[in-house]
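Novice: Sending over run-v2.txt (compact mmCIF, C-alpha atoms).
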# COMPACT_ATOMS: atom_id res chain seq x y z
CA MET F 19 57.83 101.47 128.75
CA LYS F 20 54.91 100.12 126.71
CA ASN F 21 55.63 98.56 123.35
CA ARG F 22 53.81 100.06 120.38
CA ILE F 23 52.84 97.21 118.07
CA GLY F 24 51.38 97.47 114.60
CA LEU F 25 49.10 94.72 113.31
CA LEU F 26 48.81 94.15 109.58
CA GLY F 27 46.51 91.31 108.65
CA GLY F 28 45.87 89.77 105.29
CA THR F 29 45.83 86.68 103.13
CA PHE F 30 49.12 87.81 101.54
CA ASP F 31 48.18 85.90 98.41
CA PRO F 32 50.88 86.73 97.45
CA VAL F 33 52.85 89.10 99.69
CA HIS F 34 54.31 91.94 97.59
CA LYS F 35 56.53 95.01 97.71
CA GLY F 36 53.59 97.23 98.59
CA HIS F 37 53.06 95.29 101.82
CA ILE F 38 56.70 95.81 102.75
CA GLU F 39 56.80 99.51 101.93
CA LEU F 40 53.56 100.12 103.83
CA GLY F 41 54.94 98.45 106.94
CA LEU F 42 58.20 100.39 106.87
CA LYS F 43 56.44 103.74 106.43
CA ILE F 44 53.92 103.10 109.23
CA LEU F 45 56.68 101.76 111.47
CA ASP F 46 58.55 105.05 111.14
CA ALA F 47 55.58 107.43 111.17
CA PHE F 48 54.05 105.97 114.35
CA LYS F 49 57.35 105.13 116.09
CA LEU F 50 56.34 101.49 116.45
CA ASN F 51 58.57 98.84 117.98
CA LYS F 52 57.48 96.30 115.40
CA ILE F 53 54.67 95.29 113.09
CA LEU F 54 53.13 91.82 113.16
CA TYR F 55 52.11 90.58 109.72
CA ILE F 56 49.21 88.32 110.65
CA LEU F 57 48.47 85.68 108.04
CA SER F 58 44.74 85.12 107.66
CA ALA F 59 44.71 81.34 107.52
CA ASN F 60 40.94 80.96 107.17
CA PRO F 61 39.58 84.29 105.87
CA PRO F 62 35.81 84.51 106.52
CA HIS F 63 35.12 86.80 103.55
CA LYS F 64 36.81 84.68 100.89
CA LYS F 65 35.97 81.31 99.42
CA GLU F 66 38.46 78.66 100.47
CA THR F 67 39.15 77.64 96.88
CA SER F 68 40.10 81.19 95.88
CA VAL F 69 43.12 81.39 98.21
CA ALA F 70 46.47 79.62 97.90
CA CYS F 71 47.12 77.06 100.64
CA THR F 72 48.11 78.45 104.04
CA GLU F 73 51.51 76.76 104.18
CA ILE F 74 52.71 78.27 100.89
CA ARG F 75 51.43 81.74 101.80
CA TRP F 76 53.23 81.43 105.15
CA LYS F 77 56.43 80.38 103.40
CA MET F 78 56.25 83.43 101.12
CA LEU F 79 55.50 85.78 104.01
CA CYS F 80 58.43 84.57 106.11
CA GLU F 81 60.77 84.83 103.14
CA ALA F 82 59.61 88.35 102.27
CA LEU F 83 60.01 89.70 105.81
CA GLU F 84 63.33 88.01 106.61
CA PRO F 85 65.45 91.09 105.64
CA PHE F 86 63.37 93.39 107.90
CA PRO F 87 63.75 92.55 111.63
CA SER F 88 60.98 94.95 112.71
CA LEU F 89 58.47 93.36 110.34
CA VAL F 90 57.53 90.06 111.96
CA PRO F 91 55.39 87.24 110.49
CA SER F 92 52.71 86.00 112.89
CA ASP F 93 51.04 82.59 112.73
CA ILE F 94 48.54 83.35 115.52
CA GLU F 95 45.57 82.71 113.21
CA MET F 96 47.13 79.55 111.78
CA LYS F 97 46.98 78.02 115.25
CA ARG F 98 43.21 78.41 115.47
CA ASN F 99 40.91 76.07 113.58
CA LYS F 100 38.36 78.83 113.17
CA PHE F 101 37.60 81.78 110.90
CA SER F 102 40.31 84.45 111.11
CA TRP F 103 38.22 87.21 112.67
CA THR F 104 40.23 90.33 113.55
CA PHE F 105 38.30 90.86 116.77
CA ASP F 106 39.27 87.43 118.13
CA THR F 107 42.92 87.86 117.17
CA ILE F 108 43.25 91.24 118.86
CA GLU F 109 41.51 89.98 121.99
CA ILE F 110 44.08 87.17 122.27
CA LEU F 111 46.98 89.56 121.71
CA LYS F 112 45.71 91.98 124.34
CA LYS F 113 45.27 89.18 126.82
CA ASP F 114 48.77 87.81 126.18
CA HIS F 115 50.40 91.27 126.12
CA PRO F 116 48.34 93.52 128.41
CA ASP F 117 50.98 96.24 128.61
CA ASP F 118 51.37 96.74 124.86
CA ILE F 119 49.56 99.29 122.69
CA PHE F 120 48.20 97.96 119.40
CA PHE F 121 47.51 99.74 116.11
CA PHE F 122 45.58 97.82 113.48
CA ILE F 123 46.71 98.83 109.99
CA SER F 124 44.28 98.74 107.09
CA GLY F 125 43.94 100.07 103.58
CA SER F 126 40.94 102.34 103.09
CA GLU F 127 39.23 99.83 100.77
CA GLY F 128 39.26 97.18 103.48
CA PHE F 129 38.27 99.58 106.23
CA LEU F 130 35.18 100.68 104.30
CA LYS F 131 33.90 97.11 104.72
CA ILE F 132 34.36 97.15 108.50
CA LYS F 133 30.64 96.80 109.19
CA THR F 134 30.96 93.22 107.92
CA TRP F 135 33.64 92.45 110.54
CA LYS F 136 32.82 90.52 113.69
CA LYS F 137 31.87 92.86 116.58
CA TYR F 138 33.11 95.83 114.61
CA LYS F 139 31.62 98.35 117.04
CA ASN F 140 33.54 96.84 119.95
CA LEU F 141 36.66 96.75 117.80
CA LEU F 142 36.46 100.43 116.88
CA LYS F 143 35.92 101.46 120.49
CA SER F 144 38.75 99.35 121.89
CA THR F 145 41.55 99.49 119.31
CA SER F 146 43.30 102.26 117.41
CA PHE F 147 43.33 101.94 113.62
CA VAL F 148 45.75 103.29 111.06
CA VAL F 149 43.89 103.66 107.77
CA VAL F 150 45.94 104.37 104.65
CA LEU F 151 43.96 106.08 101.91
CA ARG F 152 44.09 104.21 98.62
CA GLU F 153 41.87 106.80 96.94
CA LYS F 154 41.33 110.45 97.92
CA LYS F 155 37.54 110.07 97.79
CA HIS F 156 37.72 107.49 100.59
CA ARG F 157 38.63 110.18 103.12
CA HIS F 158 35.17 111.76 103.09
CA ILE F 159 33.39 108.39 103.12
CA ILE F 160 35.45 107.17 106.09
CA GLN F 161 34.82 110.41 107.99
CA ASN F 162 31.07 109.94 107.55
CA LEU F 163 31.33 106.33 108.70
CA LEU F 164 33.26 107.32 111.83
CA ASN F 165 30.80 110.13 112.59
CA GLU F 166 27.96 107.61 112.46
CA GLU F 167 29.80 105.36 114.91
CA ASN F 168 30.88 108.28 117.13
CA ILE F 169 34.56 107.32 116.71
CA PRO F 170 37.18 110.12 116.65
CA ALA F 171 39.34 110.55 113.55
CA CYS F 172 42.86 111.91 113.62
CA PHE F 173 44.78 113.23 110.61
CA ASP F 174 48.01 114.09 112.48
CA VAL F 175 50.14 110.96 112.93
CA SER F 176 52.46 112.83 115.29
CA LYS F 177 49.72 113.15 117.91
CA GLN F 178 49.79 110.69 120.80
CA ILE F 179 46.15 109.98 121.63
CA ASP F 180 45.57 107.84 124.70
CA SER F 181 42.08 106.59 123.84
CA PRO F 182 41.35 104.47 120.74
CA CYS F 183 40.84 106.44 117.55
CA VAL F 184 41.22 106.06 113.79
CA TYR F 185 44.29 107.67 112.26
CA ILE F 186 43.74 108.51 108.60
CA CYS F 187 46.92 108.98 106.59
CA SER F 188 48.26 108.91 103.05
CA TYR F 189 51.57 108.89 101.24
CA ASP F 190 52.80 109.07 97.68
CA SER F 191 54.36 105.95 96.26
CA ASP F 192 54.56 104.05 93.00
CA LYS F 193 53.88 100.89 95.04
CA LEU F 194 50.60 102.08 96.55
CA PHE F 195 48.66 100.75 93.56
CA ILE F 196 49.98 97.20 93.97
CA SER F 197 47.51 94.56 95.11
CA SER F 198 47.67 90.78 95.31
CA THR F 199 44.73 90.60 92.90
CA PHE F 200 46.64 92.73 90.39
CA ILE F 201 49.65 90.41 90.62
CA ARG F 202 47.54 87.26 90.15
CA GLU F 203 45.94 88.79 87.06
CA LYS F 204 49.38 89.70 85.66
CA ILE F 205 50.55 86.12 86.10
CA LYS F 206 47.46 84.72 84.39
CA SER F 207 48.17 87.05 81.47
CA SER F 208 51.84 85.97 81.40
CA GLU F 209 52.96 89.54 82.14
CA SER F 210 56.07 90.47 84.12
CA ILE F 211 55.82 90.94 87.89
CA GLU F 212 59.53 91.73 88.42
CA ASP F 213 58.82 95.14 89.97
CA LEU F 214 55.94 93.93 92.13
CA VAL F 215 57.40 91.13 94.25
CA GLN F 216 60.81 90.21 95.63
CA ILE F 217 62.78 87.75 93.52
CA GLU F 218 62.56 85.12 96.31
CA ILE F 219 58.77 85.33 96.25
CA LYS F 220 58.68 85.01 92.48
CA LYS F 221 60.78 81.84 92.76
CA ILE F 222 58.35 80.33 95.29
CA MET F 223 55.39 81.13 93.06
CA GLU F 224 57.14 79.47 90.14
CA GLU F 225 58.10 76.46 92.27
CA TYR F 226 54.46 75.81 93.20
CA ASN F 227 53.01 77.06 89.90
CA LEU F 228 50.81 79.54 91.71
CA TYR F 229 48.11 81.62 90.01
CA GLY F 230 48.67 80.26 86.51
CA ASN F 231 45.85 79.35 84.17
Would you mind writing the file's structure down as structure tokens?

Specialist:
Amino acid sequence: MKNRIGLLGGTFDPVHKGHIELGLKILDAFKLNKILYILSANPPHKKETSVACTEIRWKMLCEALEPFPSLVPSDIEMKRNKFSWTFDTIEILKKDHPDDIFFFISGSEGFLKIKTWKKYKNLLKSTSFVVVLREKKHRHIIQNLLNEENIPACFDVSKQIDSPCVYICSYDSDKLFISSTFIREKIKSSESIEDLVQIEIKKIMEEYNLYGN
């Protein structure tokens, strides 16, 4: 039987409760065996100075996922001394695990920038995506984008589609609004982040004095 593997990439700067809840919901909805949380060690779309060092972000990610066996931290991009392009990462995973089925998970805000991704046309035609709507208006914009690229969209997560497509889904949650940027801004303003990150992650941020003025 083929393994169904979710792929959730990001800088995780820092990892937060929204990342965890998203993974658990997608894991259940798509009947995945596991989700790899792929740390973007050298993100091509962000200035190096704007991201906390890779080792600390990796430490936070491993700590955050430790209670959830099906949510697995992946250092695949840390091992490459190159930009962390999604296309390259998925090509390596497919080569190393040819019998597995992969689903790349993305928020709608990130997916709307897909035309800036390396070989995005090849990526859309070869890999299924799970796009979680962050705003209702994104649904129409994404549909237009997919129509332009001749990529099928699916709004029923229970459907098992053999060929690559883009699943568009949404869910209600008080954690859906959380973003790493929001957390960093809260810290700079000396506001509480108790409800946004796990206590272990807060301790690591305090230990390394992350995101302060």

Novice: Would you compute the distance between atom CA of F:Leu57 and atom CA of F:Glu127? Give it in Å to one decimal.

Specialist: 18.4 Å

Novice: Quick one: residues within 6 Å of stretch 29-39 of chain F, all atoms listed in the file, excluding same-chain residues fewer than 3 positions away - as a CSV table (one decimal) with C-alpha atoms, in the coordinates of the input?

Specialist:
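Below is the file selection-v2.csv, written as the result:
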chain,number,residue,atom,x,y,z
F,42,LEU,CA,58.2,100.4,106.9
F,57,LEU,CA,48.5,85.7,108.0
F,58,SER,CA,44.7,85.1,107.7
F,193,LYS,CA,53.9,100.9,95.0
F,196,ILE,CA,50.0,97.2,94.0
F,198,SER,CA,47.7,90.8,95.3
F,214,LEU,CA,55.9,93.9,92.1
F,215,VAL,CA,57.4,91.1,94.2

Novice: So, counting all atoms listed in the file, which residue among F:Arg75, F:Arg22, F:Lys43, F:Lys52 is closest to F:Ile219?

Specialist: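 For F:Ile219, the nearest of the candidates is F:Arg75.
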
Novice: One decimal, in Å: what's the spacing between atom CA of F:Gly24 and atom CA of F:Ser144?

Specialist: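 Between these atoms lies a distance of 14.7 Å.
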
Novice: Would you compute the distance between atom CA of F:Glu81 and atom CA of F:Glu225? Give it in Å to one decimal.

Specialist: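 Interatomic distance here is 14.0 Å.
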
Novice: Pick out the closest residue to F:Lys100 from this set: F:Ser126, F:Asn227, F:Ser181, F:Asn60. Count only C-alpha atoms.

Specialist: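 Nearest candidate to F:Lys100 out of F:Ser126, F:Asn227, F:Ser181, F:Asn60: F:Asn60.
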
Novice: Which protein, DNA or RNA residues have an atom at most 7 Å from (45.6, 106.8, 113.0), counting all atoms listed in the file? List them as a list of chain:residue names.

Specialist: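 Every residue inside that radius is included here: F:Ser146, F:Phe147, F:Val148, F:Val149, F:Cys172, F:Phe173, F:Val175, F:Cys183, F:Val184, F:Tyr185, F:Ile186, F:Cys187.
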
Novice: For stretch 88-91 of chain F, please output as a list in words all residues within 9 Å (counting only C-alpha atoms; exclusion window: fewer than 2 positions along the same chain).

Specialist: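 Final neighbour list, sorted by chain and number: Ile38, Gly41, Leu42, Leu45, Leu50, Asn51, Lys52, Ile53, Leu54, Tyr55, Ile56, Leu57, Trp76, Leu79, Cys80, Leu83, Glu84, Pro85, Phe86 and Asp93 of chain F.
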
Novice: Please give the centre and size of the box around stretch 117-132 of chain F (axis-aligned, containing every atom listed in the file, 8 Å added per side), with values in Å to one decimal and written as AutoDock Vina command-line options.

Specialist:
--center_x 42.6 --center_y 99.3 --center_z 114.7 --size_x 33.5 --size_y 22.1 --size_z 43.8
